[in-house]
Structure formats: structure tokens, C-alpha cells
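Peer 1: I am attaching a structure below and will ask some questions about it afterwards.
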Amino acid sequence: MGLRDGDGWVRCDCGGHHWGLYGAAGLLLVRRDTPEPHVLLQLRAEWTHGGGTWALPGGALDSHEDSIAAAKREAFEEVGIHEHHLTVVHTFSDDHGPWRYDTVIAHCHGDANAGIANAESADLHWVHIDSVHTYELHPGFASAWPSLHPLVVASLE
């Protein structure tokens, strides 16, 4: 494992505080082996930023990482997904000026052996893509979902 130097808060142009000195990234994993596409949602543990809400496995980028590497690392740390289960198809950036969150959209077949791998996850659900909005979502994910949903649909074509 490389240098872990990305943890910390950034105040950005939007006026908010965001986690990740070099930005942050998460993995939007789309399951392709079911009759209808499902995505993996993580219930964030109460003690985490946005605890008690549903989001994607993800977190701070380190200075030496790109968004795809960080999203894969975080998915392994939080939900135990090995990168050989993933096929990356797109990256969506929510850019706030000095800080951004990149959502890495990837496909998998099967459940990718996803399971709670550390204390940041309280639960995991595979959720139909048309039902994601019915969950109590982390505010950042909730604001990005209207842009992410059509990208997920387009990735399936």
C-alpha cells in the first residue's frame, strides 16, 4: 500500500466542507447478471461523514492516486471487492473548484463477493437502478444521482 496522505477536510468554492485533501472518489458498481440492472449501495456507519445514509463505497484520494485507483482501493477496503471483478466503463466528475468527487462507474457479473469489510459500512444492498432515489441518500450522492442515473443506463447499451 502506498502513502496515505489524502485524509482531511477541504473548504471549497461551494462553501461546503468536503473530505479528501486531493478530492475523493467512489465506486458505482452495476451488476449485469440480473434481469434488471442493480447497483451496490452502502449504508454508512453512524460515526462516518453522512452516517446513516446510503452512498457508494469511496473516500479520499491520496496524492499519488488517480480517481479510478482510489475508487478501487476504497471499494476493497470498505466492501471487499477485488479489482478483477470490475470493468470500469465511465467516470463522472462533480467538480467544486479546488475539490471534486469522481464517481467511477464499473460493471460486474455476480455479486463481486461484496460484503462488509470494515467499520465504515453498516449494511449493503443491491438496489434496482430505478429505486435508488427511494433510499435516504448521502447528500452528495443524492445531488449527483440525477446525472449518474442516465450514465448508468447508457453504460448498459
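By convention here, the chains of the C-alpha cells are called A, B, ... in the order presented, each chain's residues are numbered starting at 1, and ligands are numbered starting at 1 in the order presented.
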Excluding A:Glu120 and its own-chain neighbours fewer than 3 positions away, which residues fall within 7 Å of it when counting only C-alpha atoms? Please give them as number ranges by chain.

Peer 2: A: 44-45, 48, 78

Peer 1: Skipping near chain neighbours, those fewer than 5 positions away, what residues fall within 10 Å of A:Gly26 using only C-alpha atoms, listed as a list in words?

Peer 2: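 Listed by chain and then number, they are Ala55, Leu56, Pro57, Gly58, Gly59, Ala60, Leu61, Ser67, Ile68, Ala70, Ala71, Lys72, Arg73, Glu74, Ala75, Thr91, Tyr101, Asp102, Thr103, Val104, Ile105 and Phe141 of chain A.
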
Peer 1: Would you save the residues of that selection, restricted to C-alpha atoms, as an mmCIF file, in the first residue's frame?

Peer 2:
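What landed in selection35.cif:
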```
data_model
loop_
_atom_site.group_PDB
_atom_site.id
_atom_site.type_symbol
_atom_site.label_atom_id
_atom_site.label_comp_id
_atom_site.auth_asym_id
_atom_site.auth_seq_id
_atom_site.Cartn_x
_atom_site.Cartn_y
_atom_site.Cartn_z
ATOM 1 C CA ALA A 55 -23.926 6.048 -0.576
ATOM 2 C CA LEU A 56 -21.184 4.409 -2.606
ATOM 3 C CA PRO A 57 -18.035 2.856 -1.214
ATOM 4 C CA GLY A 58 -15.481 5.623 -1.552
ATOM 5 C CA GLY A 59 -13.261 8.154 0.106
ATOM 6 C CA ALA A 60 -10.288 10.466 -0.128
ATOM 7 C CA LEU A 61 -7.743 10.293 -2.935
ATOM 8 C CA SER A 67 -9.739 8.531 -9.235
ATOM 9 C CA ILE A 68 -10.016 5.010 -10.611
ATOM 10 C CA ALA A 70 -8.730 5.430 -5.334
ATOM 11 C CA ALA A 71 -12.254 4.128 -6.027
ATOM 12 C CA LYS A 72 -10.923 0.572 -6.422
ATOM 13 C CA ARG A 73 -8.870 0.865 -3.222
ATOM 14 C CA GLU A 74 -11.800 2.245 -1.231
ATOM 15 C CA ALA A 75 -14.170 -0.437 -2.582
ATOM 16 C CA THR A 91 -16.066 8.342 -14.684
ATOM 17 C CA TYR A 101 -15.745 13.898 -6.321
ATOM 18 C CA ASP A 102 -15.328 11.371 -9.109
ATOM 19 C CA THR A 103 -17.817 8.539 -9.401
ATOM 20 C CA VAL A 104 -16.260 5.565 -11.167
ATOM 21 C CA ILE A 105 -18.957 3.502 -12.890
ATOM 22 C CA PHE A 141 -24.758 11.238 -3.802
#
```

Peer 1: State, in Å with one decimal place, the distance from atom CA of A:His128 to atom CA of A:Leu40.

Peer 2: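 So the two atoms, atom CA of A:His128 and atom CA of A:Leu40, lie 9.0 Å apart.
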
Peer 1: Mind checking DSSP for stretch 95-155 of chain A and telling me the alpha helix (DSSP H) residues as a list in words?

Peer 2: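 Here is the list: Pro139, Gly140, Phe141, Ala142, Ser143, Ala144, Trp145, Pro146, Ser147, Leu148, His149, Pro150, Leu151, Val152, Val153, Ala154 and Ser155 of chain A.
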
Peer 1: Rank nothing, just name the residue among A:Val10, A:Ala106, A:Ile81, A:Leu151 nearest to A:Leu28, using only C-alpha atoms.

Peer 2: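 Selected residue with least distance to A:Leu28: A:Ala106.
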
Peer 1: Would you pick out the contacts of A:His38 at 6 Å or less, using only C-alpha atoms, so that residues sharing its chain but fewer than 5 positions from it are not included, and give the list as number ranges by chain?

Peer 2: A: 30-31, 126-129

Peer 1: Compile the contact shell of A:Glu157 as a list of chain:residue names: residues with an atom at most 12 Å away, counting only C-alpha atoms, same-chain residues fewer than 3 positions apart removed.

Peer 2: A:Arg32, A:Pro37, A:Val89, A:Pro150, A:Leu151, A:Val152, A:Val153, A:Ala154

Peer 1: Based on the backbone DSSP call, show me all residues of chain A assigned strand (DSSP E), as an MDAnalysis selection string.

Peer 2: chainID A and resid 9:11 17:19 24:31 38:44 54:55 58:60 87:95 100:108 121:128

Peer 1: Excluding same-chain residues fewer than 5 positions from stretch 134-136 of chain A, what lies within 10 Å of it counting only C-alpha atoms, as a list in words?

Peer 2: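 Answer for this query is Leu41, Leu43, Gly52, Thr53, Trp54, Ala55, Val127 and Ala142 of chain A.
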
Peer 1: What is the distance, in Å and to one decimal place, between atom CA of A:Ser147 and atom CA of A:Ala24?

Peer 2: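 These atoms are spaced 17.6 Å apart.
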
Peer 1: Between atom CA of A:Asp66 and atom CA of A:Gly23, what is the distance in Å, rounded to a tenth?

Peer 2: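 Distance reported for this atom pair: 9.8 Å.
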
Peer 1: So which one's closest to A:Leu29, A:Ala117, A:Leu148, A:Leu137, A:Ala122? Using only C-alpha atoms, please.

Peer 2: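 Between A:Ala117, A:Leu148, A:Leu137, A:Ala122, the residue approaching A:Leu29 most closely is A:Leu148.
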